[in-house]
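Visitor: Next up, upload.cif (mmCIF, C-alpha atoms).
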data_structure
loop_
_atom_site.group_PDB
_atom_site.id
_atom_site.type_symbol
_atom_site.label_atom_id
_atom_site.label_comp_id
_atom_site.auth_asym_id
_atom_site.auth_seq_id
_atom_site.Cartn_x
_atom_site.Cartn_y
_atom_site.Cartn_z
ATOM 1 C CA VAL A 1 112.411 -83.688 -21.929
ATOM 2 C CA ARG A 2 110.383 -80.536 -21.633
ATOM 3 C CA ARG A 3 108.493 -79.797 -18.458
ATOM 4 C CA LYS A 4 105.097 -78.184 -18.587
ATOM 5 C CA MET A 5 104.372 -75.336 -16.183
ATOM 6 C CA ALA A 6 101.748 -76.052 -13.555
ATOM 7 C CA ALA A 7 98.412 -74.374 -14.104
ATOM 8 C CA PRO A 8 97.420 -71.787 -11.456
ATOM 9 C CA GLU A 9 94.649 -74.034 -10.147
ATOM 10 C CA GLU A 10 97.191 -76.863 -9.627
ATOM 11 C CA ILE A 11 99.391 -74.527 -7.594
ATOM 12 C CA GLU A 12 96.377 -73.487 -5.492
ATOM 13 C CA VAL A 13 95.636 -77.167 -4.742
ATOM 14 C CA ARG A 14 99.223 -77.657 -3.504
ATOM 15 C CA VAL A 15 98.999 -74.579 -1.280
ATOM 16 C CA ASP A 16 95.648 -75.777 0.067
ATOM 17 C CA ALA A 17 97.219 -79.144 0.870
ATOM 18 C CA LEU A 18 99.879 -77.381 2.936
ATOM 19 C CA THR A 19 97.386 -75.198 4.783
ATOM 20 C CA SER A 20 95.189 -78.207 5.562
ATOM 21 C CA PHE A 21 97.962 -79.496 7.838
ATOM 22 C CA LYS A 22 96.153 -77.964 10.809
ATOM 23 C CA GLU A 23 92.887 -79.548 9.663
ATOM 24 C CA HIS A 24 94.308 -83.075 9.860
ATOM 25 C CA PRO A 25 92.425 -85.151 12.483
ATOM 26 C CA LYS A 26 95.657 -86.315 14.153
ATOM 27 C CA TYR A 27 96.868 -82.718 14.459
ATOM 28 C CA LYS A 28 93.561 -81.752 16.060
ATOM 29 C CA GLU A 29 93.918 -84.707 18.440
ATOM 30 C CA MET A 30 97.403 -83.511 19.442
ATOM 31 C CA VAL A 31 96.220 -79.937 19.989
ATOM 32 C CA ALA A 32 93.323 -81.229 22.097
ATOM 33 C CA TYR A 33 95.817 -82.479 24.715
ATOM 34 C CA GLY A 34 96.181 -78.801 25.657
ATOM 35 C CA PHE A 35 99.974 -78.678 25.966
ATOM 36 C CA ASP A 36 101.582 -75.220 25.944
ATOM 37 C CA ASN A 37 104.403 -76.212 23.570
ATOM 38 C CA LYS A 38 102.792 -75.688 20.152
ATOM 39 C CA GLU A 39 106.145 -76.218 18.407
ATOM 40 C CA GLN A 40 106.381 -79.747 19.808
ATOM 41 C CA VAL A 41 102.852 -80.507 18.587
ATOM 42 C CA HIS A 42 103.830 -79.269 15.121
ATOM 43 C CA VAL A 43 107.023 -81.367 15.171
ATOM 44 C CA ALA A 44 105.054 -84.411 16.358
ATOM 45 C CA MET A 45 102.733 -84.001 13.376
ATOM 46 C CA VAL A 46 105.670 -83.749 10.958
ATOM 47 C CA VAL A 47 107.169 -86.946 12.394
ATOM 48 C CA TYR A 48 103.758 -88.652 12.312
ATOM 49 C CA LEU A 49 103.306 -87.788 8.633
ATOM 50 C CA TYR A 50 106.857 -88.896 7.810
ATOM 51 C CA LEU A 51 106.390 -92.297 9.463
ATOM 52 C CA SER A 52 102.868 -92.896 8.144
ATOM 53 C CA GLN A 53 103.232 -91.499 4.621
ATOM 54 C CA ALA A 54 106.902 -91.669 3.626
ATOM 55 C CA LYS A 55 107.983 -94.737 5.589
ATOM 56 C CA LYS A 56 104.585 -96.480 5.429
ATOM 57 C CA TRP A 57 104.627 -97.681 9.036
ATOM 58 C CA CYS A 58 101.788 -100.130 9.511
ATOM 59 C CA GLU A 59 100.668 -98.863 12.889
ATOM 60 C CA ILE A 60 101.127 -95.489 14.604
ATOM 61 C CA ASP A 61 99.419 -94.300 17.771
ATOM 62 C CA ILE A 62 99.577 -90.847 19.352
ATOM 63 C CA GLN A 63 99.822 -90.629 23.147
ATOM 64 C CA PRO A 64 100.128 -87.639 25.478
ATOM 65 C CA CYS A 65 102.826 -87.537 28.136
ATOM 66 C CA PRO A 66 101.326 -85.045 30.630
ATOM 67 C CA ALA A 67 104.318 -85.211 33.004
ATOM 68 C CA LEU A 68 106.572 -83.770 30.274
ATOM 69 C CA GLN A 69 103.899 -81.853 28.313
ATOM 70 C CA LEU A 70 104.841 -83.820 25.174
ATOM 71 C CA VAL A 71 103.090 -85.724 22.426
ATOM 72 C CA THR A 72 104.677 -89.156 21.914
ATOM 73 C CA LEU A 73 104.252 -91.624 19.077
ATOM 74 C CA TYR A 74 104.107 -95.403 19.286
ATOM 75 C CA GLY A 75 104.451 -97.440 16.129
ATOM 76 C CA ARG A 76 105.675 -100.431 14.161
ATOM 77 C CA PRO A 77 107.620 -100.185 10.906
ATOM 78 C CA THR A 78 106.129 -103.542 9.849
ATOM 79 C CA GLU A 79 103.630 -105.895 11.459
ATOM 80 C CA GLY A 80 106.204 -108.252 12.971
ATOM 81 C CA ASP A 81 108.416 -105.530 14.451
ATOM 82 C CA ASP A 82 108.526 -104.462 18.069
ATOM 83 C CA LEU A 83 106.498 -101.431 19.057
ATOM 84 C CA GLN A 84 108.757 -98.356 19.085
ATOM 85 C CA VAL A 85 108.391 -95.201 21.155
ATOM 86 C CA MET A 86 109.170 -91.867 19.468
ATOM 87 C CA VAL A 87 109.623 -88.559 21.250
ATOM 88 C CA PRO A 88 109.373 -85.791 18.612
ATOM 89 C CA LEU A 89 111.497 -82.727 19.425
ATOM 90 C CA GLY A 90 112.442 -79.520 17.643
ATOM 91 C CA LYS A 91 116.123 -78.954 16.904
ATOM 92 C CA GLN A 92 116.178 -76.027 19.349
ATOM 93 C CA THR A 93 115.194 -78.271 22.276
ATOM 94 C CA ASP A 94 117.756 -78.174 25.081
ATOM 95 C CA LEU A 95 118.951 -81.695 25.820
ATOM 96 C CA SER A 96 120.998 -82.771 28.805
ATOM 97 C CA VAL A 97 121.637 -86.042 30.595
ATOM 98 C CA GLN A 98 119.001 -84.991 33.126
ATOM 99 C CA ARG A 99 116.458 -84.283 30.361
ATOM 100 C CA LEU A 100 117.162 -87.668 28.731
ATOM 101 C CA ARG A 101 116.613 -89.312 32.136
ATOM 102 C CA GLU A 102 113.243 -87.514 32.366
ATOM 103 C CA PHE A 103 112.243 -88.954 28.988
ATOM 104 C CA LEU A 104 113.208 -92.473 30.084
ATOM 105 C CA THR A 105 111.422 -92.057 33.415
ATOM 106 C CA HIS A 106 108.152 -90.440 32.343
ATOM 107 C CA VAL A 107 107.407 -91.739 28.849
ATOM 108 C CA PRO A 108 105.384 -94.945 29.358
ATOM 109 C CA LEU A 109 106.493 -98.276 27.934
ATOM 110 C CA PRO A 110 104.535 -99.652 24.989
ATOM 111 C CA GLN A 111 101.638 -101.851 26.005
ATOM 112 C CA ASP A 112 103.302 -104.875 24.325
ATOM 113 C CA ASP A 113 106.207 -104.720 26.756
ATOM 114 C CA LEU A 114 103.907 -104.440 29.754
ATOM 115 C CA GLU A 115 102.268 -107.736 28.854
ATOM 116 C CA MET A 116 105.554 -109.663 28.879
ATOM 117 C CA GLU A 117 106.048 -112.280 31.570
ATOM 118 C CA GLU A 118 109.147 -110.609 33.056
ATOM 119 C CA PRO A 119 108.762 -106.822 32.618
ATOM 120 C CA GLU A 120 111.665 -106.146 35.028
ATOM 121 C CA LEU A 121 114.053 -107.563 32.394
ATOM 122 C CA ILE A 122 113.041 -104.955 29.830
ATOM 123 C CA THR A 123 115.628 -102.335 28.965
ATOM 124 C CA LYS A 124 113.727 -99.081 28.625
ATOM 125 C CA ARG A 125 114.401 -97.530 25.232
ATOM 126 C CA LEU A 126 112.932 -94.807 23.105
ATOM 127 C CA THR A 127 113.834 -92.860 20.009
ATOM 128 C CA LEU A 128 114.241 -89.104 19.859
ATOM 129 C CA ALA A 129 112.945 -87.775 16.536
ATOM 130 C CA ILE A 130 114.672 -84.393 16.232
ATOM 131 C CA CYS A 131 113.125 -82.273 13.490
ATOM 132 C CA ASP A 132 114.606 -79.223 11.772
ATOM 133 C CA THR A 133 112.514 -76.350 10.370
ATOM 134 C CA ASP A 134 112.889 -77.800 6.849
ATOM 135 C CA SER A 135 111.324 -81.090 8.091
ATOM 136 C CA THR A 136 114.624 -82.973 8.135
ATOM 137 C CA ILE A 137 114.360 -85.592 10.882
ATOM 138 C CA VAL A 138 117.250 -87.232 12.722
ATOM 139 C CA PHE A 139 116.526 -90.267 14.891
ATOM 140 C CA TYR A 140 118.531 -91.085 18.037
ATOM 141 C CA ARG A 141 117.777 -94.197 20.065
ATOM 142 C CA ILE A 142 118.442 -93.876 23.784
ATOM 143 C CA THR A 143 118.305 -96.639 26.377
ATOM 144 C CA ASP A 144 118.351 -96.873 30.137
ATOM 145 C CA GLY A 145 121.736 -98.522 30.614
ATOM 146 C CA PHE A 146 123.826 -100.672 28.328
ATOM 147 C CA VAL A 147 122.255 -102.941 25.755
ATOM 148 C CA PRO A 148 124.283 -105.954 24.662
ATOM 149 C CA PRO A 149 124.351 -106.622 20.925
ATOM 150 C CA ASP A 150 122.136 -109.341 19.488
ATOM 151 C CA PRO A 151 123.772 -112.717 18.840
ATOM 152 C CA PRO A 152 124.860 -113.270 15.197
ATOM 153 C CA GLU A 153 121.973 -115.698 14.578
ATOM 154 C CA VAL A 154 119.412 -113.086 15.609
ATOM 155 C CA VAL A 155 121.107 -110.413 13.457
ATOM 156 C CA ALA A 156 121.039 -112.746 10.429
ATOM 157 C CA GLU A 157 117.366 -113.553 11.058
ATOM 158 C CA LYS A 158 116.421 -109.870 11.315
ATOM 159 C CA LYS A 159 118.393 -109.053 8.158
ATOM 160 C CA ALA A 160 116.669 -111.841 6.189
ATOM 161 C CA LYS A 161 113.271 -110.701 7.451
ATOM 162 C CA LYS A 162 114.009 -107.091 6.483
ATOM 163 C CA GLU A 163 115.138 -108.121 2.989
ATOM 164 C CA THR A 164 111.948 -110.123 2.521
ATOM 165 C CA VAL A 165 109.818 -107.133 3.536
ATOM 166 C CA GLU A 166 111.789 -104.827 1.218
ATOM 167 C CA GLU A 167 111.345 -107.265 -1.682
ATOM 168 C CA LYS A 168 107.588 -107.281 -1.079
ATOM 169 C CA LYS A 169 107.517 -103.479 -0.912
ATOM 170 C CA GLY A 170 109.634 -103.279 -4.070
ATOM 171 C CA ALA A 171 107.126 -105.417 -5.941
ATOM 172 C CA LYS A 172 104.305 -103.107 -4.823
ATOM 173 C CA ASN A 173 106.127 -99.802 -5.277
ATOM 174 C CA SER A 174 107.960 -99.908 -8.573
ATOM 175 C CA THR A 175 109.165 -96.455 -9.569
ATOM 176 C CA VAL A 176 110.553 -94.958 -12.740
ATOM 177 C CA THR A 177 113.265 -92.324 -12.595
ATOM 178 C CA ILE A 178 113.506 -89.749 -15.375
ATOM 179 C CA ASN A 179 116.644 -87.626 -15.641
ATOM 180 C CA LEU A 180 115.920 -84.103 -16.823
ATOM 181 C CA PHE A 181 119.510 -83.304 -17.762
#
Let's see the structure in the file written out as structure tokens.

Guide:
Amino acid sequence: VRRKMAAPEEIEVRVDALTSFKEHPKYKEMVAYGFDNKEQVHVAMVVYLYLSQAKKWCEIDIQPCPALQLVTLYGRPTEGDDLQVMVPLGKQTDLSVQRLREFLTHVPLPQDDLEMEEPELITKRLTLAICDTDSTIVFYRITDGFVPPDPPEVVAEKKAKKETVEEKKGAKNSTVTINLF
């Protein structure tokens, strides 16, 4: 299979798409929080785009955390999933047990958890989204204390639900792979 070279105007469109990153409304919203750490705002935008575009999360909200001067993300992978809290960080960010404690202390719980009948039984958890300069993202879930594993019935239910969602996505997103070798 022979590949056709991209026309110069096509290349210009791709470059324009990359430079429009800072024109994205969510990026402007993040910058408007006025935090000094511009790298964290950039990383937050990369994570936002990854979750919304690549992973197709159904719901993502951007929230400032003034106490830590961070942009945080709240979202759901699918409609039935629990709301997850993401703290986007650059790979150069210094992390310590004390810093992790600050994240758990100052990043607010999702609104869903606050509406539960017994909020004192909630185990505080959030996910660190650590982003490299090439946009590789590694996710680490941290919790405040130990979290017992789900019972086998709950694990089986979640697995069946996930497979059902993936089957639905597969029907919508059929792809064709072409080997160029």

Visitor: Suppose you want the space between CA of Asn37 in chain A and CA of Gln53 in chain A; what is it in Å?

Guide: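 Going from CA of Asn37 in chain A over to CA of Gln53 in chain A, I get 24.4 Å.
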
Visitor: Which residue out of A:Leu100, A:Val43, A:Leu109, A:Val31 has the minimum interatomic distance to Leu68 in chain A when all atoms listed in the file are used?

Guide: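 Of A:Leu100, A:Val43, A:Leu109, A:Val31, the one nearest Leu68 in chain A is A:Leu100, counting all atoms listed in the file.
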
Visitor: Could you tell me how far CA of Asp81 in chain A lies from CA of Lys158 in chain A, in Å and to one decimal?

Guide: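 Distance between the two atoms: 9.6 Å.
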
Visitor: With distances taken over only C-alpha atoms, which of A:Thr78, A:Gln63, A:Gln40, A:Thr72 is nearest to Leu126 in chain A?

Guide: A:Thr72

Visitor: Between CA of Ala44 in chain A and CA of Pro88 in chain A, measure the distance and give it in Å to one decimal.

Guide: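 Those two atoms sit 5.1 Å apart.
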
Visitor: Evaluated on this file, the PyMOL selection byres ((chain A and resi 145) around 10) picks out some residues - which ones are they, written as an mmCIF file with C-alpha atoms, in the coordinates of the input?

Guide:
data_model
loop_
_atom_site.group_PDB
_atom_site.id
_atom_site.type_symbol
_atom_site.label_atom_id
_atom_site.label_comp_id
_atom_site.auth_asym_id
_atom_site.auth_seq_id
_atom_site.Cartn_x
_atom_site.Cartn_y
_atom_site.Cartn_z
ATOM 1 C CA THR A 123 115.628 -102.335 28.965
ATOM 2 C CA LYS A 124 113.727 -99.081 28.625
ATOM 3 C CA ARG A 125 114.401 -97.530 25.232
ATOM 4 C CA ILE A 142 118.442 -93.876 23.784
ATOM 5 C CA THR A 143 118.305 -96.639 26.377
ATOM 6 C CA ASP A 144 118.351 -96.873 30.137
ATOM 7 C CA PHE A 146 123.826 -100.672 28.328
ATOM 8 C CA VAL A 147 122.255 -102.941 25.755
ATOM 9 C CA PRO A 148 124.283 -105.954 24.662
#

Visitor: Could you tell me which residues the PyMOL selection byres ((chain A and resi 133) around 12) grabs in this file, written as an MDAnalysis selection string?

Guide: chainID A and resid 39:40 42:43 46 89:92 130:132 134:137

Visitor: Go ahead and write the selection's residues with C-alpha atoms as a tab-separated table (two decimals), keeping the file's coordinate frame.

Guide:
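Here's the written file out-v9.tsv:
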chain	number	residue	atom	x	y	z
A	39	GLU	CA	106.14	-76.22	18.41
A	40	GLN	CA	106.38	-79.75	19.81
A	42	HIS	CA	103.83	-79.27	15.12
A	43	VAL	CA	107.02	-81.37	15.17
A	46	VAL	CA	105.67	-83.75	10.96
A	89	LEU	CA	111.50	-82.73	19.42
A	90	GLY	CA	112.44	-79.52	17.64
A	91	LYS	CA	116.12	-78.95	16.90
A	92	GLN	CA	116.18	-76.03	19.35
A	130	ILE	CA	114.67	-84.39	16.23
A	131	CYS	CA	113.12	-82.27	13.49
A	132	ASP	CA	114.61	-79.22	11.77
A	134	ASP	CA	112.89	-77.80	6.85
A	135	SER	CA	111.32	-81.09	8.09
A	136	THR	CA	114.62	-82.97	8.14
A	137	ILE	CA	114.36	-85.59	10.88

Visitor: At a cut-off of 9 Å, using all atoms listed in the file, what residues contact Lys55 in chain A? Leave out same-chain residues fewer than 5 positions from it and give the result as a list in words.

Guide: Leu49, Tyr50 and Pro77 of chain A

Visitor: Find the residue from A:Thr164, A:Gln69, A:Gln84, A:Thr93 that sits nearest to Asp36 in chain A; use all atoms listed in the file when measuring.

Guide: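 Once distances to Asp36 in chain A are computed over all atoms listed in the file, the minimum belongs to A:Gln69.
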
Visitor: Just want the 12 Å neighbourhood of Gly80 in chain A, counted on only C-alpha atoms, with same-chain residues fewer than 6 positions away dropped. Output as a count of residues only.

Guide: 7

Visitor: Using only C-alpha atoms, which residue out of A:Val71, A:Val155, A:Leu51, A:Ile62 lies closest to Gly34 in chain A?

Guide: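 Comparing A:Val71, A:Val155, A:Leu51, A:Ile62 against Gly34 in chain A, the winner is A:Val71.
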